[in-house]
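Student: File follows, upload37.txt with compact mmCIF, C-alpha atoms:
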```txt
# COMPACT_ATOMS: atom_id res chain seq x y z
CA MET A 16 62.90 -191.91 -113.85
CA LYS A 17 61.19 -190.29 -110.88
CA PRO A 18 63.41 -188.32 -108.45
CA GLU A 19 64.20 -190.10 -105.20
CA PHE A 20 62.07 -188.92 -102.28
CA ILE A 21 64.20 -187.96 -99.24
CA MET A 22 62.84 -187.86 -95.69
CA LEU A 23 63.68 -184.65 -93.80
CA ARG A 24 65.27 -184.81 -90.37
CA PRO A 25 62.79 -183.52 -87.71
CA VAL A 26 63.56 -180.81 -85.15
CA SER A 27 62.36 -182.52 -81.96
CA TRP A 28 65.05 -184.55 -80.15
CA PHE A 29 62.67 -187.49 -79.62
CA ARG A 30 61.68 -187.58 -83.29
CA GLN A 31 65.35 -187.21 -84.24
CA THR A 32 66.12 -190.34 -82.21
CA CYS A 33 63.29 -192.20 -83.96
CA PHE A 34 64.56 -190.86 -87.29
CA ASP A 35 68.12 -192.10 -86.65
CA ILE A 36 66.82 -195.57 -85.76
CA ALA A 37 64.44 -195.74 -88.74
CA GLU A 38 67.16 -194.64 -91.18
CA SER A 39 69.79 -196.96 -89.69
CA ALA A 40 71.06 -199.66 -92.07
CA LYS A 41 71.29 -202.14 -89.17
CA PHE A 42 67.66 -201.53 -88.24
CA GLU A 43 66.63 -202.06 -91.87
CA LEU A 44 68.52 -205.35 -92.03
CA PHE A 45 66.90 -206.41 -88.76
CA VAL A 46 63.45 -205.65 -90.20
CA PHE A 47 64.20 -207.76 -93.27
CA ALA A 48 65.37 -210.60 -91.01
CA MET A 49 62.12 -210.41 -89.03
CA ILE A 50 60.12 -210.50 -92.27
CA GLY A 51 61.99 -213.65 -93.31
CA LEU A 52 61.48 -215.30 -89.91
CA ASN A 53 57.77 -214.41 -89.88
CA SER A 54 57.29 -215.97 -93.31
CA PHE A 55 59.30 -219.02 -92.23
CA ILE A 56 57.08 -219.53 -89.16
CA MET A 57 53.95 -219.41 -91.33
CA VAL A 58 55.31 -222.40 -93.28
CA PHE A 59 54.71 -224.66 -90.26
CA ASN A 60 50.91 -224.30 -90.42
CA CYS A 61 49.21 -227.57 -91.40
CA SER A 62 45.82 -229.20 -90.88
CA ASP A 63 46.81 -231.90 -88.34
CA GLN A 64 49.49 -230.16 -86.27
CA ALA A 65 49.65 -230.58 -82.49
CA ALA A 66 48.00 -228.13 -80.10
CA TRP A 67 51.35 -226.95 -78.70
CA VAL A 68 52.52 -226.10 -82.24
CA ASN A 69 49.35 -224.06 -82.77
CA ASN A 70 49.95 -222.18 -79.53
CA LEU A 71 53.64 -221.60 -80.29
CA THR A 72 53.03 -220.28 -83.82
CA MET A 73 50.19 -218.10 -82.54
CA ILE A 74 52.45 -216.54 -79.87
CA LEU A 75 55.26 -216.00 -82.37
CA ASN A 76 52.88 -214.41 -84.86
CA TYR A 77 51.66 -212.03 -82.15
CA MET A 78 55.27 -211.14 -81.34
CA PHE A 79 56.08 -210.49 -85.00
CA MET A 80 52.95 -208.40 -85.41
CA ALA A 81 53.85 -206.38 -82.30
CA PHE A 82 57.31 -205.74 -83.74
CA PHE A 83 55.91 -204.55 -87.09
CA ILE A 84 53.43 -202.28 -85.29
CA VAL A 85 56.33 -200.78 -83.32
CA GLU A 86 58.29 -200.35 -86.56
CA THR A 87 55.38 -198.56 -88.23
CA THR A 88 54.81 -196.37 -85.17
CA LEU A 89 58.52 -195.54 -85.05
CA LYS A 90 58.55 -194.45 -88.69
CA LEU A 91 55.31 -192.49 -88.33
CA THR A 92 56.86 -190.63 -85.41
CA ALA A 93 60.09 -189.99 -87.30
CA PHE A 94 58.69 -189.02 -90.68
CA GLY A 95 55.27 -187.62 -89.80
CA CYS A 96 52.90 -187.15 -92.74
CA ARG A 97 55.78 -187.61 -95.16
CA TYR A 98 55.72 -191.30 -94.18
CA PHE A 99 52.80 -191.85 -96.57
CA LYS A 100 54.62 -190.25 -99.52
CA ASN A 101 56.74 -193.40 -99.87
CA GLY A 102 55.11 -196.31 -101.70
CA TRP A 103 56.80 -198.97 -99.54
CA ASN A 104 55.58 -197.24 -96.38
CA GLN A 105 52.04 -197.21 -97.75
CA PHE A 106 52.35 -200.92 -98.44
CA ASP A 107 53.63 -201.56 -94.87
CA PHE A 108 50.76 -199.58 -93.37
CA ILE A 109 48.15 -201.58 -95.34
CA VAL A 110 49.70 -204.89 -94.22
CA ILE A 111 49.80 -203.75 -90.58
CA PHE A 112 46.22 -202.51 -90.75
CA THR A 113 44.97 -205.83 -92.16
CA SER A 114 46.98 -207.73 -89.52
CA ILE A 115 45.27 -205.76 -86.75
CA VAL A 116 41.87 -206.40 -88.33
CA ALA A 117 42.71 -210.12 -88.52
CA LEU A 118 43.66 -210.09 -84.82
CA LEU A 119 40.42 -208.39 -83.84
CA ALA A 120 38.48 -210.83 -86.02
CA GLN A 121 39.80 -213.72 -83.95
CA ILE A 122 37.09 -212.94 -81.39
CA PRO A 123 34.10 -213.89 -83.58
CA THR A 124 30.46 -214.29 -82.71
CA GLN A 125 29.03 -217.80 -82.67
CA LYS A 126 26.97 -217.05 -85.78
CA MET A 127 30.06 -215.95 -87.78
CA GLU A 128 32.00 -219.02 -86.68
CA GLU A 129 29.21 -221.38 -87.77
CA SER A 130 28.83 -219.69 -91.15
CA GLY A 131 32.56 -219.93 -91.93
CA VAL A 132 32.89 -216.17 -92.50
CA PHE A 133 35.34 -215.84 -89.59
CA PHE A 134 37.65 -218.56 -90.93
CA ASN A 135 37.72 -217.24 -94.50
CA VAL A 136 38.37 -213.60 -93.52
CA THR A 137 41.14 -214.29 -91.01
CA LYS A 138 42.81 -216.86 -93.24
CA LEU A 139 42.83 -214.40 -96.14
CA MET A 140 44.36 -211.66 -93.99
CA ARG A 141 47.03 -213.98 -92.61
CA ILE A 142 48.06 -214.95 -96.13
CA PHE A 143 48.16 -211.24 -97.02
CA ARG A 144 51.01 -210.82 -94.51
CA LEU A 145 53.23 -212.94 -96.76
CA MET A 146 53.26 -210.00 -99.15
CA ARG A 147 55.83 -208.41 -96.83
CA LEU A 148 58.38 -210.53 -98.69
CA ILE A 149 57.95 -208.12 -101.59
CA LYS A 150 59.88 -205.61 -99.48
CA LEU A 151 63.01 -207.62 -100.28
CA PHE A 152 62.83 -205.97 -103.71
CA GLN A 153 63.66 -202.72 -101.95
CA LYS A 154 67.02 -204.02 -100.68
CA LEU A 155 68.36 -206.39 -103.34
CA GLU A 156 69.46 -204.55 -106.48
CA THR A 157 68.82 -207.46 -108.87
CA LEU A 158 65.30 -207.96 -107.52
CA LYS A 159 64.69 -204.22 -107.84
CA ILE A 160 65.55 -204.42 -111.53
CA ILE A 161 63.21 -207.39 -112.02
CA TYR A 162 60.45 -205.62 -110.08
CA ALA A 163 60.91 -202.46 -112.15
CA THR A 164 60.83 -204.56 -115.31
CA ILE A 165 57.50 -206.12 -114.35
CA ILE A 166 55.94 -202.79 -113.41
CA ASN A 167 57.19 -200.94 -116.50
CA THR A 168 56.20 -203.67 -118.97
CA LEU A 169 52.83 -204.49 -117.38
CA PRO A 170 50.73 -202.20 -119.65
CA ARG A 171 52.33 -203.66 -122.79
CA MET A 172 51.93 -207.22 -121.50
CA ILE A 173 48.24 -206.54 -120.79
CA ASN A 174 47.81 -205.48 -124.43
CA VAL A 175 49.43 -208.70 -125.65
CA GLY A 176 47.35 -210.66 -123.14
CA MET A 177 44.15 -209.13 -124.53
CA MET A 178 45.26 -210.12 -128.03
CA ILE A 179 45.85 -213.70 -126.83
CA ILE A 180 42.38 -213.82 -125.28
CA LEU A 181 40.90 -212.52 -128.54
CA VAL A 182 42.69 -215.23 -130.55
CA ILE A 183 41.56 -217.96 -128.14
CA PHE A 184 38.01 -216.55 -128.28
CA MET A 185 37.90 -216.72 -132.10
CA TYR A 186 39.35 -220.22 -132.21
CA SER A 187 36.95 -221.36 -129.47
CA VAL A 188 33.95 -220.32 -131.54
CA LEU A 189 35.47 -221.93 -134.62
CA GLY A 190 36.28 -225.10 -132.66
CA ILE A 191 32.68 -225.44 -131.44
CA ASN A 192 31.46 -225.39 -135.03
CA LEU A 193 34.08 -227.90 -136.19
CA PHE A 194 34.33 -230.31 -133.25
CA GLY A 195 31.28 -229.62 -131.08
CA ALA A 196 29.53 -232.88 -132.01
CA VAL A 197 32.63 -235.14 -131.91
CA LYS A 198 32.29 -238.12 -129.56
CA ASN A 199 33.89 -237.51 -126.19
CA GLN A 200 36.80 -239.93 -125.82
CA PRO A 201 40.29 -239.79 -124.29
CA PRO A 202 42.13 -237.46 -123.99
CA MET A 203 38.89 -235.49 -124.00
CA SER A 204 36.97 -235.40 -120.75
CA LEU A 205 33.95 -233.76 -119.12
CA ARG A 206 35.57 -230.30 -119.38
CA HIS A 207 38.29 -230.93 -121.96
CA ASN A 208 36.24 -230.75 -125.18
CA PHE A 209 34.55 -228.40 -127.67
CA GLU A 210 30.93 -229.04 -126.69
CA ASN A 211 30.42 -225.47 -125.38
CA PHE A 212 32.30 -222.20 -125.25
CA PRO A 213 33.75 -222.42 -121.67
CA ASN A 214 35.09 -225.92 -122.32
CA ALA A 215 36.48 -224.94 -125.72
CA PHE A 216 38.17 -221.86 -124.26
CA MET A 217 39.81 -223.82 -121.43
CA THR A 218 40.83 -226.62 -123.82
CA LEU A 219 42.61 -224.16 -126.11
CA PHE A 220 44.16 -222.42 -123.11
CA CYS A 221 45.64 -225.77 -122.01
CA ILE A 222 46.89 -226.39 -125.56
CA CYS A 223 48.89 -223.14 -125.27
CA THR A 224 51.12 -225.06 -122.85
CA GLY A 225 51.43 -228.02 -125.24
CA GLU A 226 49.29 -230.27 -123.04
CA THR A 227 47.94 -233.40 -124.90
CA PHE A 228 48.16 -231.55 -128.21
CA ASN A 229 48.88 -234.52 -130.48
CA GLU A 230 46.47 -236.89 -128.72
CA LEU A 231 43.65 -234.36 -128.92
CA VAL A 232 44.21 -233.87 -132.66
CA TYR A 233 44.00 -237.64 -133.15
CA ALA A 234 40.78 -237.93 -131.13
CA LEU A 235 39.08 -235.04 -132.94
CA ALA A 236 39.96 -236.47 -136.36
CA MET A 237 39.00 -240.12 -135.62
CA LYS A 238 36.54 -241.55 -138.12
CA LYS A 239 34.10 -244.42 -137.77
CA SER A 240 35.82 -247.78 -137.31
CA GLU A 241 35.64 -250.96 -135.30
CA TYR A 242 37.39 -249.07 -132.49
CA ASN A 243 35.23 -245.97 -132.73
CA ASP A 244 31.45 -246.38 -132.87
CA CYS A 245 30.24 -242.96 -133.99
CA ILE A 246 27.71 -241.35 -136.33
CA GLU A 247 28.53 -239.20 -139.34
CA ASP A 248 26.62 -235.89 -139.27
CA PRO A 249 24.64 -236.68 -136.07
CA THR A 250 21.33 -234.99 -135.36
CA TYR A 251 19.87 -233.78 -132.09
CA ALA A 252 17.83 -236.98 -131.93
CA ASP A 253 21.08 -238.99 -131.96
CA TYR A 254 22.38 -236.80 -129.16
CA VAL A 255 19.24 -237.45 -127.08
CA ALA A 256 19.31 -241.17 -127.86
CA ASN A 257 22.90 -241.35 -126.56
CA ASN A 258 21.81 -240.03 -123.16
CA TYR A 259 22.68 -236.42 -124.08
CA LYS A 260 26.27 -237.25 -124.93
CA THR A 261 28.04 -236.36 -128.16
CA VAL A 262 28.22 -239.24 -130.63
CA GLY A 263 29.62 -237.69 -133.82
CA CYS A 264 32.66 -238.83 -135.78
CA GLY A 265 35.81 -236.76 -136.04
CA SER A 266 36.33 -233.90 -138.44
CA ASN A 267 38.47 -233.97 -141.58
CA LEU A 268 42.12 -234.62 -140.72
CA PHE A 269 43.39 -231.77 -142.90
CA VAL A 270 40.93 -229.32 -141.31
CA THR A 271 41.86 -230.50 -137.80
CA LEU A 272 45.58 -230.15 -138.47
CA ALA A 273 45.13 -226.74 -140.08
CA PHE A 274 43.08 -225.60 -137.06
CA PHE A 275 45.64 -226.64 -134.44
CA ILE A 276 48.78 -225.77 -136.42
CA THR A 277 47.61 -222.21 -137.10
CA PHE A 278 46.47 -221.85 -133.48
CA THR A 279 49.80 -223.09 -132.15
CA PHE A 280 51.71 -220.85 -134.55
CA LEU A 281 49.77 -217.73 -133.54
CA LEU A 282 49.83 -218.38 -129.81
CA THR A 283 53.09 -220.19 -129.08
CA PHE A 284 55.40 -218.80 -131.74
CA VAL A 285 54.00 -215.26 -132.01
CA CYS A 286 51.96 -214.00 -129.05
CA LEU A 287 53.76 -215.82 -126.23
CA ASN A 288 57.15 -214.89 -127.66
CA LEU A 289 56.00 -211.27 -127.69
CA PHE A 290 55.86 -211.52 -123.89
CA ILE A 291 59.51 -212.56 -123.84
CA ALA A 292 60.49 -209.75 -126.19
CA ILE A 293 58.63 -207.15 -124.08
CA ILE A 294 60.18 -208.42 -120.83
CA LEU A 295 63.69 -208.47 -122.30
CA ALA A 296 63.28 -204.93 -123.62
CA GLY A 297 61.95 -203.80 -120.24
CA TYR A 298 64.80 -205.52 -118.40
CA PHE A 299 67.34 -203.79 -120.64
CA ASP A 300 65.71 -200.38 -119.97
CA ALA A 301 65.56 -201.01 -116.20
CA SER A 302 69.23 -202.02 -116.15
CA GLN A 303 70.37 -198.74 -117.68
```
What is this file in structure tokens?

Tutor:
Amino acid sequence: MKPEFIMLRPVSWFRQTCFDIAESAKFELFVFAMIGLNSFIMVFNCSDQAAWVNNLTMILNYMFMAFFIVETTLKLTAFGCRYFKNGWNQFDFIVIFTSIVALLAQIPTQKMEESGVFFNVTKLMRIFRLMRLIKLFQKLETLKIIYATIINTLPRMINVGMMIILVIFMYSVLGINLFGAVKNQPPMSLRHNFENFPNAFMTLFCICTGETFNELVYALAMKKSEYNDCIEDPTYADYVANNYKTVGCGSNLFVTLAFFITFTFLLTFVCLNLFIAIILAGYFDASQ
């Protein structure tokens, strides 16, 4: 573990006063309360709210932003350059900086307002302020352990995630060759099929959650019958004649089952459970 970084008490009496306030447990609790209230006020934003609600939330947001600017200024005065050696302080400074930019962006030019650039930028920066809630990890011990678990296990989870993407990629290519010409019928849809790689990839990604797994297997294995008008081994001419829509019959039932059973086994019972094992191991290490 890294050694804890300690702020040094300044010499100047004014900076000492700022230091005592910034290091006070009561002041820290008050800051956390203001973060909670600020996030609670942002919940009231909706598309059809009254004008007085807009004005009230706007005034309250300005007051909260003024408080957080004062807090940052207080800590900068107390800690000096050492303020930026703490990761949480760096995070606070970035949020404050983006809040000020969002405030300044609320005086847009007519051209920006018409293009929608003003709305998108300010909305994004307002949402970014909700990230202050992450500071609660700093105070609550259980959340600190969970946060440390996520950070420490992230590289290993990325490796497992890349392996999952590779497995889905291989099965997507295989699925296109096996089911690419199968007639599109429920539960398949415009994007839930194996007609091309993006659709196949997203279909298999949804199957990872168990969504419509059994129904999809049935649809992809359905043969020609009075309920299913399809063509065995369709050609491109059949595809064109059907208004550029797939018209083929389902694949062999054994092949379809083998495809989805092996995919489910690899993804659900192996790769996804690796995530749980990594997180549990990381949580145990962070708890020590």

Student: Quick check, in Å to one decimal: how far apart do CA of Glu38 (chain A) and CA of Lys159 (chain A) lie?

Tutor: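 Taking CA of Glu38 (chain A) and CA of Lys159 (chain A), their separation equals 19.4 Å.
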
Student: Between CA of Phe216 (chain A) and CA of Ser187 (chain A), what is the distance, to one decimal in Å?

Tutor: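 It comes out at 5.4 Å.
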
Student: Give me, as a ChimeraX atom specification, all polymer residues having an atom no more than 8 Å from Leu268 (chain A), counting all atoms listed in the file and skipping those fewer than 3 positions away in the same chain.

Tutor: /A:236,271-272

Student: CA of Leu23 (chain A) and CA of Phe42 (chain A) are how many Å apart?

Tutor: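 The value is 18.2 Å.
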
Student: Compile the contact shell of Leu71 (chain A) as a list in words: residues with an atom at most 12 Å away, counting only C-alpha atoms, same-chain residues fewer than 5 positions apart removed.

Tutor: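 So the residues in contact are Ile56, Met57, Phe59, Asn60, Gln64, Ala65, Ala66, Asn76, Tyr77 and Met78 of chain A.
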
Student: Find the residues near Pro213 (chain A): any atom within 12 Å, counting all atoms listed in the file, skip ones fewer than 4 places away on the same chain, and give them as an MDAnalysis selection string.

Tutor: chainID A and resid 183:184 187:188 190:191 205:209 217:220

Student: When you look at Ile293 (chain A) with a cut-off of 8 Å (counting all atoms listed in the file), what residues show up, excluding the ones that are within fewer than 6 positions of it in the same chain? I need them as a PyMOL selection string.

Tutor: chain A and resi 168+171-172

Student: The selected residues should be written to file as a compact mmCIF listing (two decimals), in the coordinates of the input (atoms: C-alpha atoms).

Tutor:
```txt
# COMPACT_ATOMS: atom_id res chain seq x y z
CA THR A 168 56.20 -203.67 -118.97
CA ARG A 171 52.33 -203.66 -122.79
CA MET A 172 51.93 -207.22 -121.50
```

Student: Can you tell me which residues surround Leu295 (chain A) at a distance of at most 12 Å, considering all atoms listed in the file, apart from same-chain residues fewer than 2 positions away, and format the answer as JSON, numbers by chain?

Tutor: {"A": [160, 161, 164, 165, 167, 168, 172, 288, 289, 290, 291, 292, 293, 297, 298, 299, 300, 301, 302]}

Student: Select, from A:Cys264, A:Cys33, A:Ala196, A:Ile166, the residue with the minimum atom-to-atom distance to Val85 (chain A), counting only C-alpha atoms.

Tutor: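 Selected residue with least distance to Val85 (chain A): A:Cys33.
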
Student: Counting all atoms listed in the file, which residue out of A:Thr261, A:Thr224, A:Thr250, A:Ser240 sits closest to Leu287 (chain A)?

Tutor: A:Thr224

Student: Kindly indicate which residue among A:Phe228, A:Phe274, A:Tyr259, A:Trp67 lies nearest to Phe194 (chain A), using all atoms listed in the file for the distances.

Tutor: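 Among the listed residues, the smallest separation from Phe194 (chain A) belongs to A:Phe274.
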
Student: Here is a test: counting all atoms listed in the file, which residue of A:Cys286, A:Ile294, A:Ile50, A:Met80 is nearest to Gly176 (chain A)?

Tutor: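 With all atoms listed in the file as the atom set, the closest residue is A:Cys286.
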
Student: Neighbourhood query: residues within 10 Å of (40.2, -237.2, -124.6), file coordinates, counting all atoms listed in the file; return as a VMD selection string.

Tutor: chain A and resid 198 to 208 227 230 to 235

Student: Closest to Cys223 (chain A) among A:Ala93, A:Ala273, A:Ile246, A:Leu282, using all atoms listed in the file?

Tutor: A:Leu282

Student: With distances taken over all atoms listed in the file, which residue among A:Asn70, A:Asn101, A:Asn53, A:Asn211 lies nearest Phe82 (chain A)?

Tutor: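 Of A:Asn70, A:Asn101, A:Asn53, A:Asn211, the one nearest Phe82 (chain A) is A:Asn53, counting all atoms listed in the file.
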